[in-house]
Amino acid sequence: MFTKAAHPSRLVAAVIQQNVPGDIDCYEQYCSLMRSHGFSQGDVCPYGSNIKMKRLDGNSAKGPTWARSFGSAMITDEEFCMQTDSHMDFMVGWDSLMLEMWALTENEYGVLSTYVTDSTDFDNIKDKSKGINGLHEVPHLCIVRFHGAGGMPRNFGTKCLRMFPRPKLTNAVWGAGLSFAKCHAEKKVLYDPFTPGIFDGEEWSRAARYWTWGYDIYTPHRVYISHNYKKSQSDPLHSRWHSSSYSPADAILRKNALSRIRMLLHMDGPQENKTAAEMVRRGRYGLGDRRSFQQLVEFSGVDPVRRSTIRDRCGNIEYVPFSEHPLGPDYIPRFDSLTHAPLDEPDPGSIYYNAQSSSFKHPSDKDTPVLRSPMYIDPSARDKMKQKRIDVLADNINQRIAFKPHADKKEKDSTLYGEIAVEMFLFCVILFLCYYCM
């Protein structure tokens with residue numbers, strides 16, 4: 001990552017390490033490898049001060065969403081953020097190339113995301129003029145099915161993007177293996193730490209949160225980063241957290257996590273606990289207030305209410321506009337530290353401004369009654385909310401309800417962004433999910 005970057009001193013790596021006793025420490029192994037390849041000067045570990053480590057016990061691992069929530073907490077004042085898995089490889093100059101590609105979206109709220117190519121194919125893209133198979137092929141995520149564990153939505157295969165001149169807007173389908181955006185996206189759409197044991201359901205639930213906050217997901221039109229799938233997927237230890245040895249307590253936590261995602265995505269229908277569901281959707285880890293969930297269903301072609309796909313939208317699609325927050329894209333909404341309820345009164349651009357409800361009405365159910373709910377939580381009402389939250393959690397065996405922020409989007413001048421992308425002082429946070437760094 002550092003040795004192939006155009007500006008390595010501008011990078012900050014946030015590493016989530018989940019090792020068991022006897023495993024090699026990622027940081028120590030990195031420093032050793034850099035010294036053995038002649039990149040160090042004396043005993044100083046090259047770019048060692050640019051690496052943040054979060055060391056977790058691998059025997060207590062609780063899945064990717066739980067682990068990546070620690071990465072969300074490690075972001076500070078960086079300008080751009082990139083999330084990847086471990087076992088990645090990079091093209092020379094990848095950092096500048098990713099910035100330039102992001103600039104081509106002409107979207108302050110653009111998020112580049114795909115399932116990156118296998119590292120065995122990386123030799124085919126050493127020559128940027130040809131790309132994969134000589135056609136600049138890139139996997140295009142656009143298909144979702146409800147085949148995941150617990151009936152969760154899961155990305156289902158890909159289409160192939162070929163010879164595109166710029167990143168392509170997707171129907172709000174996002175992949176966790178590569179995500180590149182402004183850091184205000186990561187700060188607003190934090191990983192939910194209350195979803196242990198979740199694998200299926202991670203990606204589309206986060207895509208729904210991104211999109212309802214105004215973010216748009218694009219398939220990169222070039223490949224600058226790859227992944228060693230063979231090494232990571234052939235090692236059974238990498239998925240040990242999901243084994244049958246799950247304790248009864250872990251099983252309950254996972255059941256509650258699945259319930260949170262179902263509530264977030266309106267999957268429980270009439271039988272849902274409406275109070276608990278509203279708290280999840282409006283909380284720190286909930287849906288956004290720039291676009292509605294009904295708009296998401298219509299735009300994506302994915303219908304969590306009926307757990308089905310209305311239609312696959314892999315071709316040309318139109319951008320859905322929204323009203324930007326008056327304080328701009330870098331404003332991070334405020335939430336109660338205990339209840340995770342929103343503290344900001346809805347601004348004129350919010351879907352809750354002068355509205356009576358945040359409840360979802362299915363496109364085909366125009367006359368469905370709407371649940372009345374508060375627009376925001378006044379700080380003076382926190383004590384009542386705390387007691388209400390305790391009652392709800394007791395009734396539903398649920399954990400603390402979480403937050404979801406919102407964001408904005410403006411169309412930007414592509415020429416200006418092209419100039420900024422090369423010259424910008426970049427801080428790029430890499431969120432590695434490092435189970436065993438060998």
# chains A, B, ... in the order shown; residues from 1 in each chain; ligands from 1

$ residues_around --residues "A:Leu135" --least-positions-apart "6" --cutoff "10 Å" --atoms "only C-alpha atoms" --output "PyMOL selection string"
chain A and resi 129+161-164+222

$ residues_around --residues "A:Ser300" --least-positions-apart "2" --cutoff "8 Å" --atoms "only C-alpha atoms" --output "ChimeraX atom specification"
/A:171-173,296-298,302,312-313

$ write_last_selection --atoms "C-alpha atoms" --output "compact mmCIF listing (two decimals), in the first residue's frame"
# COMPACT_ATOMS: atom_id res chain seq x y z
CA ASN A 171 -28.91 1.21 -8.29
CA ALA A 172 -27.68 1.64 -4.71
CA VAL A 173 -25.73 -1.64 -4.54
CA LEU A 296 -34.98 3.68 -2.48
CA VAL A 297 -37.29 0.77 -3.35
CA GLU A 298 -38.31 2.44 -6.60
CA VAL A 302 -35.11 -4.09 -4.44
CA ASP A 312 -32.77 -5.72 -11.87
CA ARG A 313 -31.56 -2.24 -12.73

$ atom_distance --atom1 "atom CA of A:Thr117" --atom2 "atom CA of A:Val138"
7.5 Å

$ select_by_dssp --residues "stretch 69-281 of chain A" --states "strand (DSSP E or B)" --output "VMD selection string"
chain A and resid 80 to 84 88 to 90 107 110 to 113 117 to 118 138 to 140 144 to 145 154 to 155 159 to 161 168 to 169 178 to 182 216 to 219 225 to 227

$ write_last_selection --atoms "C-alpha atoms" --output "mmCIF file, in the first residue's frame"
data_model
loop_
_atom_site.group_PDB
_atom_site.id
_atom_site.type_symbol
_atom_site.label_atom_id
_atom_site.label_comp_id
_atom_site.auth_asym_id
_atom_site.auth_seq_id
_atom_site.Cartn_x
_atom_site.Cartn_y
_atom_site.Cartn_z
ATOM 1 C CA PHE A 80 -10.856 10.673 1.866
ATOM 2 C CA CYS A 81 -11.578 7.228 3.274
ATOM 3 C CA MET A 82 -11.151 3.848 1.665
ATOM 4 C CA GLN A 83 -12.304 0.549 3.115
ATOM 5 C CA THR A 84 -10.765 -2.718 1.956
ATOM 6 C CA MET A 88 -4.958 -6.644 -1.078
ATOM 7 C CA ASP A 89 -2.529 -5.529 -3.811
ATOM 8 C CA PHE A 90 -2.247 -2.113 -5.422
ATOM 9 C CA ASN A 107 -20.431 14.168 -7.118
ATOM 10 C CA GLY A 110 -20.085 9.753 -4.770
ATOM 11 C CA VAL A 111 -18.944 6.403 -3.352
ATOM 12 C CA LEU A 112 -16.802 4.105 -5.517
ATOM 13 C CA SER A 113 -17.479 0.452 -4.751
ATOM 14 C CA THR A 117 -10.533 -8.378 -9.316
ATOM 15 C CA ASP A 118 -8.506 -11.363 -8.129
ATOM 16 C CA VAL A 138 -14.826 -4.240 -13.860
ATOM 17 C CA PRO A 139 -17.505 -6.152 -11.869
ATOM 18 C CA HIS A 140 -20.704 -4.073 -11.777
ATOM 19 C CA VAL A 144 -29.680 -8.267 -4.982
ATOM 20 C CA ARG A 145 -31.533 -11.366 -3.833
ATOM 21 C CA ARG A 154 -27.362 -10.299 -0.391
ATOM 22 C CA ASN A 155 -25.505 -9.125 -3.491
ATOM 23 C CA LYS A 159 -22.637 -7.718 -14.468
ATOM 24 C CA CYS A 160 -19.526 -6.627 -16.329
ATOM 25 C CA LEU A 161 -18.629 -3.008 -17.004
ATOM 26 C CA LYS A 168 -21.120 4.211 -13.576
ATOM 27 C CA LEU A 169 -23.988 5.062 -11.233
ATOM 28 C CA LEU A 178 -13.768 -1.766 -1.708
ATOM 29 C CA SER A 179 -15.374 1.534 -0.803
ATOM 30 C CA PHE A 180 -13.821 4.932 -1.578
ATOM 31 C CA ALA A 181 -15.454 8.262 -0.705
ATOM 32 C CA LYS A 182 -15.123 11.487 1.205
ATOM 33 C CA ASP A 216 -24.653 7.656 -4.647
ATOM 34 C CA ILE A 217 -22.716 4.467 -5.314
ATOM 35 C CA TYR A 218 -20.675 4.118 -8.498
ATOM 36 C CA THR A 219 -18.886 1.196 -10.089
ATOM 37 C CA ILE A 225 -6.707 -2.570 -6.447
ATOM 38 C CA SER A 226 -6.966 -6.364 -6.276
ATOM 39 C CA HIS A 227 -7.625 -9.058 -3.682
#

$ select_by_dssp --residues "stretch 242-299 of chain A" --states "helix (DSSP H, G or I)" --output "PyMOL selection string"
chain A and resi 242+248-264+269-271+274-282+293-299
